[in-house]
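*Asks:* Just so it is clear, I am handing over entry22.txt, which has compact mmCIF, C-alpha atoms.
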# COMPACT_ATOMS: atom_id res chain seq x y z
CA MET A 1 54.79 2.76 -130.13
CA CYS A 2 51.79 1.72 -128.10
CA GLY A 3 52.27 0.99 -124.43
CA ARG A 4 48.90 1.77 -122.83
CA TYR A 5 45.32 1.96 -124.03
CA THR A 6 41.68 1.79 -122.97
CA LEU A 7 38.59 -0.26 -123.77
CA LEU A 8 35.51 1.21 -122.10
CA ALA A 9 32.78 0.09 -124.50
CA GLU A 10 29.87 -2.04 -123.35
CA GLU A 11 30.05 -5.70 -124.32
CA ALA A 12 27.06 -5.33 -126.65
CA GLU A 13 28.86 -2.55 -128.57
CA ILE A 14 31.90 -4.77 -129.05
CA LEU A 15 29.84 -7.73 -130.26
CA LYS A 16 28.06 -5.50 -132.77
CA GLU A 17 31.20 -3.70 -133.99
CA PHE A 18 33.13 -6.87 -134.72
CA GLY A 19 30.28 -9.17 -135.69
CA ILE A 20 30.71 -11.58 -132.78
CA SER A 21 27.83 -13.95 -132.11
CA GLN A 22 28.89 -15.27 -128.69
CA SER A 23 29.29 -13.37 -125.41
CA ILE A 24 32.76 -12.46 -124.16
CA ASP A 25 33.66 -14.50 -121.10
CA GLY A 26 34.91 -12.28 -118.27
CA TYR A 27 34.65 -8.98 -120.12
CA GLU A 28 35.16 -5.81 -118.07
CA PRO A 29 35.81 -2.24 -119.29
CA ARG A 30 39.40 -1.10 -118.73
CA TYR A 31 40.85 2.38 -118.18
CA ASN A 32 44.56 1.54 -118.25
CA ILE A 33 45.54 -1.60 -120.17
CA ALA A 34 49.27 -2.33 -119.87
CA PRO A 35 51.77 -4.82 -121.32
CA GLY A 36 51.76 -8.22 -119.65
CA GLN A 37 48.02 -8.03 -119.02
CA GLN A 38 45.18 -9.89 -120.71
CA VAL A 39 43.75 -8.00 -123.69
CA LEU A 40 40.65 -8.58 -125.79
CA ALA A 41 41.44 -9.86 -129.28
CA VAL A 42 39.34 -11.07 -132.20
CA ILE A 43 40.35 -13.83 -134.60
CA HIS A 44 38.62 -15.81 -137.35
CA ASP A 45 38.87 -19.57 -136.83
CA GLY A 46 37.82 -20.42 -140.38
CA LYS A 47 34.15 -20.75 -139.47
CA GLU A 48 33.38 -17.64 -137.45
CA LYS A 49 34.91 -14.69 -135.66
CA ARG A 50 35.69 -15.23 -132.00
CA ALA A 51 36.64 -12.81 -129.23
CA GLY A 52 38.75 -13.80 -126.25
CA TYR A 53 41.70 -12.83 -124.11
CA MET A 54 45.41 -13.06 -124.87
CA LYS A 55 48.41 -11.84 -122.93
CA TRP A 56 49.90 -8.64 -124.33
CA GLY A 57 53.50 -9.37 -125.21
CA LEU A 58 54.18 -11.91 -127.94
CA VAL A 59 55.78 -15.22 -127.02
CA PRO A 60 56.64 -17.01 -130.29
CA SER A 61 55.81 -20.71 -130.40
CA TRP A 62 59.53 -21.53 -130.64
CA ALA A 63 60.61 -19.39 -127.66
CA LYS A 64 62.42 -21.13 -124.83
CA ASP A 65 61.37 -18.62 -122.18
CA PRO A 66 57.98 -16.85 -122.05
CA LYS A 67 59.65 -13.80 -120.49
CA ILE A 68 60.57 -12.75 -124.03
CA GLY A 69 57.03 -11.42 -124.32
CA TYR A 70 57.88 -8.33 -122.28
CA LYS A 71 60.18 -7.24 -125.12
CA MET A 72 57.63 -7.89 -127.86
CA ILE A 73 54.60 -5.74 -127.08
CA ASN A 74 54.91 -3.94 -130.43
CA ALA A 75 56.04 -4.96 -133.93
CA ARG A 76 56.94 -2.54 -136.71
CA SER A 77 54.48 -2.99 -139.58
CA GLU A 78 57.09 -1.90 -142.11
CA THR A 79 59.45 -4.81 -141.34
CA ALA A 80 57.40 -7.49 -139.55
CA HIS A 81 57.13 -9.53 -142.76
CA GLU A 82 60.93 -9.91 -142.74
CA LYS A 83 61.47 -10.80 -139.08
CA PRO A 84 61.67 -14.46 -137.94
CA SER A 85 59.47 -13.72 -134.91
CA TYR A 86 56.65 -12.26 -136.99
CA ARG A 87 56.95 -13.51 -140.58
CA LYS A 88 54.76 -16.62 -140.21
CA LEU A 89 52.28 -14.72 -138.05
CA MET A 90 51.85 -12.07 -140.76
CA SER A 91 50.95 -14.95 -143.03
CA ARG A 92 48.38 -16.76 -140.92
CA LYS A 93 47.93 -15.45 -137.36
CA ARG A 94 46.53 -11.95 -137.64
CA CYS A 95 44.14 -10.54 -135.07
CA LEU A 96 42.16 -7.46 -134.09
CA ILE A 97 42.83 -5.90 -130.70
CA ALA A 98 39.78 -3.98 -129.51
CA ALA A 99 40.33 -0.45 -128.16
CA ASP A 100 38.71 2.95 -127.91
CA SER A 101 41.75 5.13 -127.17
CA PHE A 102 45.46 4.91 -126.47
CA TYR A 103 47.86 6.93 -124.36
CA GLU A 104 51.06 8.62 -125.41
CA TRP A 105 53.49 10.82 -123.48
CA LYS A 106 54.70 14.14 -124.82
CA GLN A 107 58.05 15.49 -123.70
CA THR A 108 57.69 18.99 -122.17
CA GLU A 109 59.98 21.29 -120.19
CA SER A 110 58.40 20.06 -116.97
CA GLY A 111 58.53 16.36 -117.87
CA LYS A 112 56.43 13.87 -119.79
CA GLN A 113 52.78 14.81 -120.17
CA PRO A 114 50.34 11.92 -120.84
CA LEU A 115 47.64 12.36 -123.46
CA ARG A 116 44.62 10.28 -124.33
CA ILE A 117 44.24 9.82 -128.10
CA GLN A 118 40.96 8.84 -129.76
CA THR A 119 39.60 8.54 -133.27
CA GLU A 120 37.52 11.55 -134.20
CA ASN A 121 34.46 9.72 -135.54
CA ARG A 122 34.57 6.19 -134.07
CA PRO A 123 34.01 5.40 -130.40
CA LEU A 124 35.40 1.88 -130.87
CA PHE A 125 38.09 0.53 -133.20
CA ALA A 126 40.75 -2.15 -133.59
CA PHE A 127 44.53 -2.18 -133.64
CA ALA A 128 46.10 -4.56 -136.15
CA GLY A 129 47.74 -7.35 -134.18
CA LEU A 130 49.56 -10.66 -134.47
CA TRP A 131 49.15 -13.63 -132.14
CA ASP A 132 50.75 -16.97 -131.36
CA GLN A 133 50.39 -19.98 -129.09
CA TRP A 134 53.22 -21.08 -126.81
CA LYS A 135 53.15 -24.52 -125.25
CA GLY A 136 54.84 -24.73 -121.88
CA ASP A 137 54.53 -27.33 -119.16
CA ASP A 138 51.10 -26.07 -118.15
CA ALA A 139 48.19 -24.85 -120.27
CA PRO A 140 48.92 -23.24 -123.68
CA LEU A 141 49.75 -19.55 -123.50
CA TYR A 142 48.10 -17.28 -126.06
CA THR A 143 49.87 -13.97 -126.62
CA CYS A 144 49.76 -11.03 -129.02
CA THR A 145 51.56 -7.92 -130.18
CA ILE A 146 50.30 -4.61 -131.58
CA LEU A 147 51.60 -3.52 -134.96
CA THR A 148 52.88 0.05 -135.19
CA ARG A 149 53.56 2.50 -137.98
CA GLU A 150 55.08 5.92 -138.53
CA ALA A 151 52.97 8.52 -136.75
CA ASN A 152 50.48 10.50 -138.80
CA GLU A 153 50.30 14.30 -138.66
CA ASP A 154 48.06 14.20 -135.58
CA VAL A 155 50.44 12.13 -133.45
CA ALA A 156 53.81 13.20 -134.90
CA PRO A 157 54.18 16.24 -132.58
CA VAL A 158 53.90 13.83 -129.64
CA HIS A 159 55.72 10.68 -130.80
CA ASP A 160 57.22 9.32 -134.02
CA ARG A 161 55.34 5.99 -133.82
CA MET A 162 51.71 5.00 -133.31
CA PRO A 163 49.60 1.83 -133.40
CA VAL A 164 48.07 0.71 -136.69
CA ILE A 165 44.35 1.50 -136.43
CA LEU A 166 42.32 -0.43 -138.97
CA PRO A 167 39.49 1.37 -140.80
CA ARG A 168 36.15 -0.30 -140.07
CA ASP A 169 35.86 -1.66 -143.63
CA ARG A 170 39.32 -3.26 -143.41
CA GLN A 171 38.95 -5.07 -140.09
CA ASP A 172 37.47 -8.28 -141.46
CA GLY A 173 39.99 -8.32 -144.28
CA TRP A 174 42.87 -8.29 -141.82
CA ILE A 175 41.68 -11.46 -140.10
CA THR A 176 40.38 -13.24 -143.19
CA PRO A 177 41.02 -17.00 -142.66
CA VAL A 178 43.28 -17.19 -145.72
CA GLN A 179 47.01 -17.80 -145.60
CA TRP A 180 48.82 -14.89 -147.21
CA GLU A 181 52.39 -14.40 -148.14
CA ALA A 182 53.89 -12.31 -145.35
CA ARG A 183 54.53 -9.52 -147.86
CA GLN A 184 50.81 -9.46 -148.72
CA ALA A 185 50.01 -8.60 -145.11
CA LYS A 186 52.51 -5.74 -145.19
CA ASP A 187 51.00 -4.46 -148.44
CA TYR A 188 47.53 -4.63 -146.89
CA LEU A 189 48.65 -2.37 -144.04
CA ASP A 190 50.54 -0.02 -146.36
CA GLU A 191 47.34 0.67 -148.28
CA LEU A 192 45.29 1.71 -145.25
CA THR A 193 43.86 5.18 -144.87
CA MET A 194 44.13 6.63 -141.38
CA ASP A 195 41.34 7.95 -139.18
CA ASP A 196 41.60 11.54 -137.99
CA LEU A 197 42.62 11.57 -134.34
CA THR A 198 41.90 13.88 -131.45
CA MET A 199 43.70 14.09 -128.09
CA TYR A 200 43.65 15.76 -124.72
CA GLU A 201 45.91 15.91 -121.67
CA VAL A 202 45.25 13.63 -118.71
CA SER A 203 46.77 13.29 -115.25
CA THR A 204 50.01 11.44 -114.54
CA HIS A 205 47.71 9.17 -112.53
CA VAL A 206 47.74 7.00 -115.66
CA ASN A 207 51.51 6.53 -115.43
CA SER A 208 51.10 3.70 -112.95
CA ALA A 209 49.60 0.52 -114.39
CA LYS A 210 48.18 -0.12 -110.91
CA ASN A 211 45.75 2.75 -111.40
CA GLU A 212 42.58 1.50 -113.05
CA ASP A 213 39.78 4.04 -112.68
CA GLU A 214 38.00 6.98 -114.29
CA ALA A 215 40.73 9.38 -113.15
CA CYS A 216 42.97 7.91 -115.88
CA ILE A 217 40.86 9.49 -118.63
CA ARG A 218 39.66 12.63 -116.86
CA PRO A 219 40.79 15.75 -118.79
CA LEU A 220 43.14 18.08 -116.97
CA ALA A 221 41.44 21.27 -115.85
Rewrite the coordinates I just gave you, this time as structure tokens.

*Replies:*
Amino acid sequence: MCGRYTLLAEEAEILKEFGISQSIDGYEPRYNIAPGQQVLAVIHDGKEKRAGYMKWGLVPSWAKDPKIGYKMINARSETAHEKPSYRKLMSRKRCLIAADSFYEWKQTESGKQPLRIQTENRPLFAFAGLWDQWKGDDAPLYTCTILTREANEDVAPVHDRMPVILPRDRQDGWITPVQWEARQAKDYLDELTMDDLTMYEVSTHVNSAKNEDEACIRPLA
């Protein structure tokens, strides 16, 4: 799964990486992004790519209660095309979720040890995501979920699931403004090659979503 991650890149790096022409309103680097918070996502509106914030935790347009989002922070890429909550989104509401590392917790004899996991050769990347718009009584609520897959050989000793990290040359393809069959989106993800990953242990300081500072990523001595 993916329950915490970071985005520490400068705004200019993000604009260049994802080919965004406009500045990102309210952008700030983040050491400890958690479910329920606003996350930076990129979509293609049919004319250009746009970056903006969505709440992490998908609230489908048909949901009666937005609290459902807390149960939908991740979606399994292997079956999302079959699920009512995700099928239409796989077809037409795909997004990139900008990140530069994610956290996972390894079970040890002394408890769960957090690790920071990065791509070996890319300082900035994107998770494959899905998004939707929910219309309540107030302003529209834009939310998203991160797609996950079976862990690769780097992550498998720590956890059996991991987020889908898109290769750089497949990022634009994922958000192409073309309506696919939901199965096409699954096939697109199935064909991806995976980046090599590297990881190191960090302090349990990161366990609390209230902690948002450099200590979250500092390697253990």

*Asks:* Quick one: residues within 9 Å of Gln179 (chain A), all atoms listed in the file, excluding same-chain residues fewer than 4 positions away - as a PyMOL selection string?

*Replies:* chain A and resi 90-93

*Asks:* Measure the distance from CA of Arg161 (chain A) to CA of Glu214 (chain A) in Å and round it to one decimal.

*Replies:*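 These atoms are spaced 26.1 Å apart.
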
*Asks:* Looking at all atoms listed in the file, which of A:Glu181, A:Glu150, A:Glu48, A:Asp65 is the one that sits closest to Met162 (chain A)?

*Replies:* A:Glu150

*Asks:* Separation of CA of Thr79 (chain A) and CA of Arg183 (chain A), in Å?

*Replies:*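 It comes out at 9.4 Å.
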
*Asks:* Quick one: everything within 8 Å of Val39 (chain A), counting all atoms listed in the file, minus sequence neighbours fewer than 6 positions away in the same chain. Send it as a list in words.

*Replies:* Ile33, Tyr53, Met54, Lys55, Trp56 and Ile97 of chain A

*Asks:* Report as a list in words all protein, DNA and RNA residues lying within 12 Å of Gln37 (chain A), evaluated on only C-alpha atoms, omitting residues in the same chain fewer than 5 positions from it.

*Replies:*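 My reading of the contact set: Gly3, Arg4, Tyr5, Arg30, Asn32, Tyr53, Met54, Lys55, Trp56, Gly57, Leu58, Gly69, Tyr70, Ile73, Tyr142, Thr143, Cys144, Thr145, Ala209 and Lys210 of chain A.
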
*Asks:* Output C-alpha atoms for every residue in that selection, as an mmCIF file, in the coordinates of the input.

*Replies:*
data_model
loop_
_atom_site.group_PDB
_atom_site.id
_atom_site.type_symbol
_atom_site.label_atom_id
_atom_site.label_comp_id
_atom_site.auth_asym_id
_atom_site.auth_seq_id
_atom_site.Cartn_x
_atom_site.Cartn_y
_atom_site.Cartn_z
ATOM 1 C CA GLY A 3 52.270 0.990 -124.430
ATOM 2 C CA ARG A 4 48.900 1.770 -122.830
ATOM 3 C CA TYR A 5 45.320 1.960 -124.030
ATOM 4 C CA ARG A 30 39.400 -1.100 -118.730
ATOM 5 C CA ASN A 32 44.560 1.540 -118.250
ATOM 6 C CA TYR A 53 41.700 -12.830 -124.110
ATOM 7 C CA MET A 54 45.410 -13.060 -124.870
ATOM 8 C CA LYS A 55 48.410 -11.840 -122.930
ATOM 9 C CA TRP A 56 49.900 -8.640 -124.330
ATOM 10 C CA GLY A 57 53.500 -9.370 -125.210
ATOM 11 C CA LEU A 58 54.180 -11.910 -127.940
ATOM 12 C CA GLY A 69 57.030 -11.420 -124.320
ATOM 13 C CA TYR A 70 57.880 -8.330 -122.280
ATOM 14 C CA ILE A 73 54.600 -5.740 -127.080
ATOM 15 C CA TYR A 142 48.100 -17.280 -126.060
ATOM 16 C CA THR A 143 49.870 -13.970 -126.620
ATOM 17 C CA CYS A 144 49.760 -11.030 -129.020
ATOM 18 C CA THR A 145 51.560 -7.920 -130.180
ATOM 19 C CA ALA A 209 49.600 0.520 -114.390
ATOM 20 C CA LYS A 210 48.180 -0.120 -110.910
#

*Asks:* Please determine, counting only C-alpha atoms, which residue among A:Ala215, A:Ala75, A:Ile165, A:Leu8 has the shortest atom-to-atom distance to Leu192 (chain A).

*Replies:* A:Ile165

*Asks:* Just checking: using only C-alpha atoms, which residue out of A:Glu120, A:Glu109, A:Glu104, A:Asp172 ends up closest to Val155 (chain A)?

*Replies:*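 Closest to Val155 (chain A) of all the choices is A:Glu104.
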
*Asks:* Using only C-alpha atoms, which residues sit within 10 Å of Asn121 (chain A) once same-chain residues fewer than 6 positions away are excluded, as a list of chain:residue names?

*Replies:*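 The neighbour list is A:Asp195, A:Asp196, A:Leu197, A:Thr198.
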
*Asks:* At a cut-off of 10 Å around the point (40.3, 11.0, -116.5) (file coordinates), what residues fall inside when counting only C-alpha atoms? I'd like the answer as number ranges by chain.

*Replies:* A: 31, 116, 201-206, 213-220

*Asks:* For region 36-59 of chain A, which lacks atoms in the input, supply N, CA, C and O atoms and format the output as a tab-separated table (two decimals), keeping the file's coordinate frame.

*Replies:*
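Below is the file rebuild-v3.tsv, written as the result:
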chain	number	residue	atom	x	y	z
A	36	GLY	N	51.73	-7.12	-120.60
A	36	GLY	CA	51.76	-8.22	-119.65
A	36	GLY	C	50.38	-8.59	-119.14
A	36	GLY	O	50.22	-9.63	-118.48
A	37	GLN	N	49.38	-7.76	-119.45
A	37	GLN	CA	48.02	-8.03	-119.02
A	37	GLN	C	47.23	-8.73	-120.12
A	37	GLN	O	47.67	-8.82	-121.27
A	38	GLN	N	46.07	-9.25	-119.75
A	38	GLN	CA	45.18	-9.89	-120.71
A	38	GLN	C	44.44	-8.82	-121.50
A	38	GLN	O	43.90	-7.88	-120.93
A	39	VAL	N	44.41	-8.97	-122.82
A	39	VAL	CA	43.75	-8.00	-123.69
A	39	VAL	C	42.74	-8.71	-124.59
A	39	VAL	O	42.89	-9.88	-124.92
A	40	LEU	N	41.71	-7.99	-124.97
A	40	LEU	CA	40.65	-8.58	-125.79
A	40	LEU	C	41.04	-8.55	-127.26
A	40	LEU	O	41.29	-7.49	-127.83
A	41	ALA	N	41.07	-9.72	-127.87
A	41	ALA	CA	41.44	-9.86	-129.28
A	41	ALA	C	40.36	-10.62	-130.03
A	41	ALA	O	39.60	-11.40	-129.45
A	42	VAL	N	40.30	-10.39	-131.33
A	42	VAL	CA	39.34	-11.07	-132.20
A	42	VAL	C	40.10	-11.79	-133.30
A	42	VAL	O	40.98	-11.20	-133.95
A	43	ILE	N	39.77	-13.05	-133.51
A	43	ILE	CA	40.35	-13.83	-134.60
A	43	ILE	C	39.22	-14.46	-135.40
A	43	ILE	O	38.06	-14.45	-134.98
A	44	HIS	N	39.57	-15.02	-136.55
A	44	HIS	CA	38.62	-15.81	-137.35
A	44	HIS	C	39.17	-17.23	-137.40
A	44	HIS	O	40.29	-17.46	-137.85
A	45	ASP	N	38.38	-18.19	-136.92
A	45	ASP	CA	38.87	-19.57	-136.83
A	45	ASP	C	38.59	-20.39	-138.09
A	45	ASP	O	38.80	-21.60	-138.11
A	46	GLY	N	38.14	-19.73	-139.15
A	46	GLY	CA	37.82	-20.42	-140.38
A	46	GLY	C	36.33	-20.65	-140.55
A	46	GLY	O	35.85	-20.85	-141.67
A	47	LYS	N	35.60	-20.59	-139.44
A	47	LYS	CA	34.15	-20.75	-139.47
A	47	LYS	C	33.44	-19.47	-139.01
A	47	LYS	O	32.42	-19.09	-139.56
A	48	GLU	N	34.00	-18.84	-138.00
A	48	GLU	CA	33.38	-17.64	-137.45
A	48	GLU	C	34.42	-16.80	-136.73
A	48	GLU	O	35.51	-17.28	-136.41
A	49	LYS	N	34.05	-15.56	-136.46
A	49	LYS	CA	34.91	-14.69	-135.66
A	49	LYS	C	34.68	-14.97	-134.19
A	49	LYS	O	33.54	-15.18	-133.75
A	50	ARG	N	35.77	-14.95	-133.43
A	50	ARG	CA	35.69	-15.23	-132.00
A	50	ARG	C	36.48	-14.17	-131.24
A	50	ARG	O	37.54	-13.74	-131.68
A	51	ALA	N	35.95	-13.78	-130.09
A	51	ALA	CA	36.64	-12.81	-129.23
A	51	ALA	C	37.06	-13.50	-127.94
A	51	ALA	O	36.30	-14.29	-127.36
A	52	GLY	N	38.26	-13.22	-127.49
A	52	GLY	CA	38.75	-13.80	-126.25
A	52	GLY	C	40.00	-13.07	-125.80
A	52	GLY	O	40.46	-12.12	-126.44
A	53	TYR	N	40.57	-13.53	-124.71
A	53	TYR	CA	41.70	-12.83	-124.11
A	53	TYR	C	43.03	-13.49	-124.42
A	53	TYR	O	43.15	-14.72	-124.43
A	54	MET	N	44.02	-12.64	-124.68
A	54	MET	CA	45.41	-13.06	-124.87
A	54	MET	C	46.29	-12.16	-124.02
A	54	MET	O	45.93	-11.02	-123.73
A	55	LYS	N	47.45	-12.64	-123.69
A	55	LYS	CA	48.41	-11.84	-122.93
A	55	LYS	C	49.14	-10.91	-123.89
A	55	LYS	O	49.60	-11.32	-124.96
A	56	TRP	N	49.23	-9.63	-123.49
A	56	TRP	CA	49.90	-8.64	-124.33
A	56	TRP	C	51.41	-8.74	-124.15
A	56	TRP	O	51.95	-8.43	-123.09
A	57	GLY	N	52.07	-9.14	-125.20
A	57	GLY	CA	53.50	-9.37	-125.21
A	57	GLY	C	53.75	-10.71	-125.88
A	57	GLY	O	53.59	-11.76	-125.26
A	58	LEU	N	54.13	-10.69	-127.14
A	58	LEU	CA	54.18	-11.91	-127.94
A	58	LEU	C	55.26	-12.88	-127.46
A	58	LEU	O	56.42	-12.51	-127.27
A	59	VAL	N	54.85	-14.12	-127.28
A	59	VAL	CA	55.78	-15.22	-127.02
A	59	VAL	C	55.70	-16.16	-128.22
A	59	VAL	O	54.73	-16.89	-128.37
